[in-house]
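S.K.: First, the structure itself, so that you have it in front of you.
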Protein chains: 4
Amino acid sequence: MLMNAARSTLLIIDIQSRLAPAIADGERVIEHCVWLAKLAERVGVPTVVTEHFPDKIGATVEALQAATGTARYVRKECFSAQAEGRLAGTAVEARPQVVVCGTEAHVCVLQTALELRWAGKEVFVVAEASASRDPANRDLAFARMRAHGIEIVAREMVAFEWLQRGGTQLFSAINREFIR
Amino acid sequence: MLMNAARSTLLIIDIQSRLAPAIADGERVIEHCVWLAKLAERVGVPTVVTEHFPDKIGATVEALQAATGTARYVRKECFSAQAEGRLAGTAVEARPQVVVCGTEAHVCVLQTALELRWAGKEVFVVAEASASRDPANRDLAFARMRAHGIEIVAREMVAFEWLQRGGTQLFSAINREFIR
Amino acid sequence: MLMNAARSTLLIIDIQSRLAPAIADGERVIEHCVWLAKLAERVGVPTVVTEHFPDKIGATVEALQAATGTARYVRKECFSAQAEGRLAGTAVEARPQVVVCGTEAHVCVLQTALELRWAGKEVFVVAEASASRDPANRDLAFARMRAHGIEIVAREMVAFEWLQRGGTQLFSAINREFIR
Amino acid sequence: MLMNAARSTLLIIDIQSRLAPAIADGERVIEHCVWLAKLAERVGVPTVVTEHFPDKIGATVEALQAATGTARYVRKECFSAQAEGRLAGTAVEARPQVVVCGTEAHVCVLQTALELRWAGKEVFVVAEASASRDPANRDLAFARMRAHGIEIVAREMVAFEWLQRGGTQLFSAINREFIR
């Protein structure tokens with residue numbers, strides 16, 4: 001299926017203060033995650049944010065905290081956010097589609113996306129908003145996820161699929177604020 | 001199956017005057033769509049042209065209008081041309097194969113192609129004649145469509161599969177006008 | 001399955017005198033086809049060579065004719081060599097695996113390989129020995145064939161799979177003449 | 001499934017003294033194989049090392065011998081290590097997952113990985129630790145293996161999947177010695 005706003009959750013993985021500076025093109029990845037968080041809020045898609053050992057790796061970066069005021073935050077100790085029932089009771093559990101982004105693409109994003117897929121979810125990973133320290137690892141992660149039926153999407157695909165149609169007030173606002 | 005002229009429709013998506021200038025290598029994309037439209041007419045394949053909010057995004061560019069005199073034009077408000085029954089009653093509905101091109105590859109072409117595929121059509125997207133503003137988005141769209149069994153083809157594949165054989169008058173004419 | 005000499009036929013498509021000079025890196029493609037033909041003869045794999053309208057496009061290039069003295073030659077008028085029963089009665093029909101090379105990758109090689117695959121053959125297309133005038137078309141052909149379960153292989157994969165093991169006299173000879 | 005330490009064997013193919021110098025970026029490939037061997041030992045994953053005609057191609061390179069003191073060594077004459085029951089009685093037979101690396105990617109690694117896959121194993125090939133003399137052959141091998149459900153992974157994927165979670169003493173040690 002195409003991504004559908006009523007069926008989707010946005011899941012942002014481990015955009016944390018001590019990891020982000022090591023990520024390839026990390027500033028841009030944060031910007032794209034913020035963009036997705038604001039878009040989700042605008043169209044009414046719930047957001048879940050994970051933090052991996054925040055006492056060691058730092059809290060979610062401030063720009064993303066500011067954009068996810070209404071989001072559910074989840075702490076985790078396994079690399080996969082799906083492990084140990086950490087997503088139980090969140091929108092990820094309740095809704096059939098999960099739009100995933102974050103870091104590192106080949107570790108926590110990969111393991112989470114694969115386990116969500118094997119649990120029966122439709123999983124979409126946003127290319128520009130997912131990265132690793134080494135870009136070669138991100139590319140291997142994307143190829144591996146594709147082999148399991150996970151869709152690697154552009155952030156604009158998310159916007160246009162959640163909107164479905166032009167000509168509405170919502171479309172005009174989002175086109176002005178997010179696309180142009 | 002290979003593309004077959006008696007089973008195919010050519011579907012050209014949103015080559016419109018206010019969108020085309022923003023497309024990467026847009027002039028070349030228009031040329032390739034014109035090439036496909038003329039080829040389709042030559043071999044007797046029906047063409048359907050979509051326009052997305054033409055009052056806002058402009059009419060189909062003139063060069064393509066000139067090449068699609070006998071085509072069926074369809075207006076749409078959803079990004080997917082398959083939504084809201086807009087292709088009902090056209091050759092796309094009647095024939096099992098759809099050869100798709102146009103813009104943007106990762107929005108209207110992608111959504112239309114995927115929904116046609118899920119509706120049971122054999123879908124072929126022509127690489128040189130499909131594009132986005134950002135080439136990275138086109139590449140993500142091609143990879144995503146491939147994962148759903150959509151074939152990304154070269155325009156010459158269309159010509160040689162529709163023709164099936166050499167040695168005919170039709171082949172000689174098309175070889176002279178379209179290939180060399 | 002891996003390629004197996006007792007189960008394979010080598011099928012060389014349309015390496016003809018008036019087409020070859022237009023092929024990207026055409027001289028190298030001819031060399032690789034000659035290499036494969038000599039290898040096939042050495043390990044006892046039968047070879048079939050197709051010619052598309054040889055009166056118009058020219059005969060098989062001389063270097064390849066010299067290397068395929070015992071091969072079966074087949075003329076064709078359709079782009080797919082599998083059409084109109086042209087391969088009936090040849091080793092391609094009798095054996096379950098077909099190792100394909102030649103030109104153009106996106107026309108006659110593609111159509112033949114796909115139709116052989118759909119007819120139930122295991123099809124292997126040799127990357128270095130298959131090409132088009134435009135390399136972009138070859139790449140699209142390789143991706144499309146892969147999507148249908150056709151394997152794109154390196155010429156050395158053919159040699160080492162046909163041989164299966166080292167340490168034999170045949171291996172030593174082939175290693176000396178074909179690999180080093 | 002993700003790679004799991006209790007279910008995995010590390011299988012290192014033909015890192016031998018007379019072949020290694022011919023491999024593209026061969027020194028780095030050896031380093032990555034040594035890295036994997038040490039990691040496997042640290043997390044309790046058994047290692048199997050193959051040698052192809054060691055009397056002709058040389059013994060396993062010294063750096064890797066030093067890192068695989070507890071490994072099982074297997075000699076082979078076929079390119080596929082799975083042929084002729086050479087892996088019978090080893091951890092490869094006993095455990096459902098095999099993490100493969102070595103040389104050449106398009107010959108012995110490819111044939112072994114494909115035959116293990118067809119025998120029902122979950123097969124993971126480590127990208128940085130597998131190579132050929134010609135990098136184009138490695139790339140064709142990776143694409144071909146992917147088409148058969150073999151996963152091409154980064155070495156860090158192996159580490160983080162075998163570990164599953166952070167915060168443990170084992171994680172801290174491995175993070176310090178292998179990742180940073």
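In the structure tokens, chains take letters A, B, ... by order of appearance, with residues numbered from 1 within each chain and ligands from 1 in the order shown.
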Can you tell me, as a compact mmCIF listing (two decimals) with C-alpha atoms, in the first residue's frame, what residues are no more than 9 Å from stretch 5-13 of chain C when counting only C-alpha atoms, ignoring any on the same chain fewer than 6 positions away?
M.R.:
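Dumped everything to around.txt:
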```
# COMPACT_ATOMS: atom_id res chain seq x y z
CA CYS C 33 32.37 -13.96 -26.71
CA LEU C 36 33.42 -18.11 -23.98
CA ALA C 37 33.17 -20.03 -27.27
CA ALA C 40 32.75 -24.06 -24.14
CA VAL C 43 34.85 -28.32 -21.62
CA GLY C 44 32.43 -29.94 -24.07
CA VAL C 45 29.54 -27.50 -23.85
CA PRO C 46 27.62 -27.13 -27.14
CA THR C 47 27.34 -23.65 -28.66
CA VAL C 48 24.49 -22.09 -30.63
CA VAL C 49 25.06 -18.85 -32.56
CA THR C 50 22.19 -16.67 -33.81
CA GLU C 51 22.25 -14.24 -36.72
CA HIS C 52 19.57 -11.61 -37.21
CA ALA C 81 15.65 -16.10 -30.79
CA ALA C 91 21.10 -27.92 -27.59
CA VAL C 92 19.22 -24.97 -26.09
CA ALA C 94 17.68 -30.21 -25.02
CA ARG C 95 19.55 -28.84 -22.00
CA PRO C 96 18.10 -27.07 -18.93
CA GLN C 97 20.71 -24.30 -18.57
CA VAL C 98 21.49 -21.58 -21.10
CA VAL C 99 24.51 -19.28 -20.80
CA VAL C 100 23.72 -16.25 -22.97
CA CYS C 101 25.89 -13.45 -24.38
CA GLY C 102 25.88 -11.07 -27.33
CA THR C 103 24.20 -7.93 -28.59
CA GLU C 104 22.18 -5.86 -28.10
CA CYS C 108 17.72 -9.48 -28.73
CA VAL C 109 19.64 -10.71 -25.68
CA THR C 112 15.62 -14.14 -25.82
CA SER C 130 26.80 -8.67 -23.48
CA GLU C 161 31.34 -23.46 -12.22
CA TRP C 162 31.71 -25.55 -15.35
CA LEU C 163 34.98 -26.90 -13.89
```
S.K.: Given only C-alpha atoms, how would the per-residue table for chain D near chain A read, listing every residue at most 8 Å away with its closest atom pair and distance in Å to one decimal, sorted by chain and number, as CSV?
M.R.:
```
residue,atom,partner,partner_atom,distance
D:Leu2,CA,A:Gln111,CA,7.3
D:Arg146,CA,A:Ala147,CA,7.7
D:Gly149,CA,A:Ala147,CA,7.6
D:Glu151,CA,A:Arg144,CA,6.4
D:Ile152,CA,A:Arg144,CA,6.9
D:Val153,CA,A:Leu140,CA,6.3
D:Ala154,CA,A:Asn137,CA,6.1
D:Glu156,CA,A:Val107,CA,7.9
D:Met157,CA,A:Val107,CA,6.3
D:Phe160,CA,A:Val107,CA,6.6
D:Glu161,CA,A:Val107,CA,7.9
D:Gln164,CA,A:Cys78,CA,5.8
D:Arg165,CA,A:Cys78,CA,3.9
D:Gly166,CA,A:Glu77,CA,5.8
D:Gly167,CA,A:Glu77,CA,7.0
```
S.K.: Just give me the gap between atom CA of D:Met3 and atom CA of D:Val158 in Å, one decimal is fine.
M.R.: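 Pair atom CA of D:Met3 / atom CA of D:Val158 returns 6.7 Å.
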S.K.: I'd like to know which residues of stretch 68-122 of chain B are alpha helix (DSSP H) (by DSSP, run on the backbone); could you write them as a list in words?
M.R.: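 Alpha helix (DSSP H) assignments inside stretch 68-122 of chain B correspond to Ala91, Val92, Glu93, Ala94, Leu110, Gln111, Thr112, Ala113, Leu114, Glu115, Leu116, Arg117 and Trp118 of chain B.
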S.K.: Hey, can you check how far atom CA of A:Glu27 sits from atom CA of A:Asp55?
M.R.: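 Between these atoms lies a distance of 21.8 Å.
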S.K.: Write out as a VMD selection string each polymer residue whose atoms come within 12 Å of D:Glu31, counting only C-alpha atoms; drop sequence neighbours fewer than 6 positions from it.
M.R.: chain D and resid 15 20 25 37 to 38 61 to 64 67 101 to 102 128 to 130 155 178
S.K.: Got time to write the residues from that selection, C-alpha atoms, as a CSV table (one decimal), in the first residue's frame?
M.R.:
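Output file selection_14.csv follows:
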```
chain,number,residue,atom,x,y,z
D,15,ILE,CA,42.7,-16.6,2.7
D,20,ALA,CA,46.0,-13.0,-1.2
D,25,ASP,CA,42.8,-4.3,-1.7
D,37,ALA,CA,37.9,-14.1,13.7
D,38,LYS,CA,38.8,-12.2,16.9
D,61,VAL,CA,48.1,-16.2,5.8
D,62,GLU,CA,50.0,-15.9,9.1
D,63,ALA,CA,48.0,-13.1,10.5
D,64,LEU,CA,44.8,-15.1,10.1
D,67,ALA,CA,43.7,-15.2,15.0
D,101,CYS,CA,33.9,-14.1,4.2
D,102,GLY,CA,37.1,-14.6,2.2
D,128,GLU,CA,34.4,-5.6,3.5
D,129,ALA,CA,35.9,-9.1,4.2
D,130,SER,CA,35.1,-10.7,0.8
D,155,ARG,CA,31.1,-6.2,9.6
D,178,PHE,CA,36.5,-3.5,17.7
```
S.K.: Can you pull out every residue within 9 Å of B:Leu19, counting only C-alpha atoms, but drop anything in the same chain fewer than 3 positions away, and send it as JSON, numbers by chain?
M.R.: {"B": [14, 15, 16, 22, 23, 57, 58, 103, 104, 133]}
S.K.: Could you work out how far atom CA of D:Gly85 lies from atom CA of D:Gln65, giving the answer in Å with one decimal?
M.R.: 23.4 Å
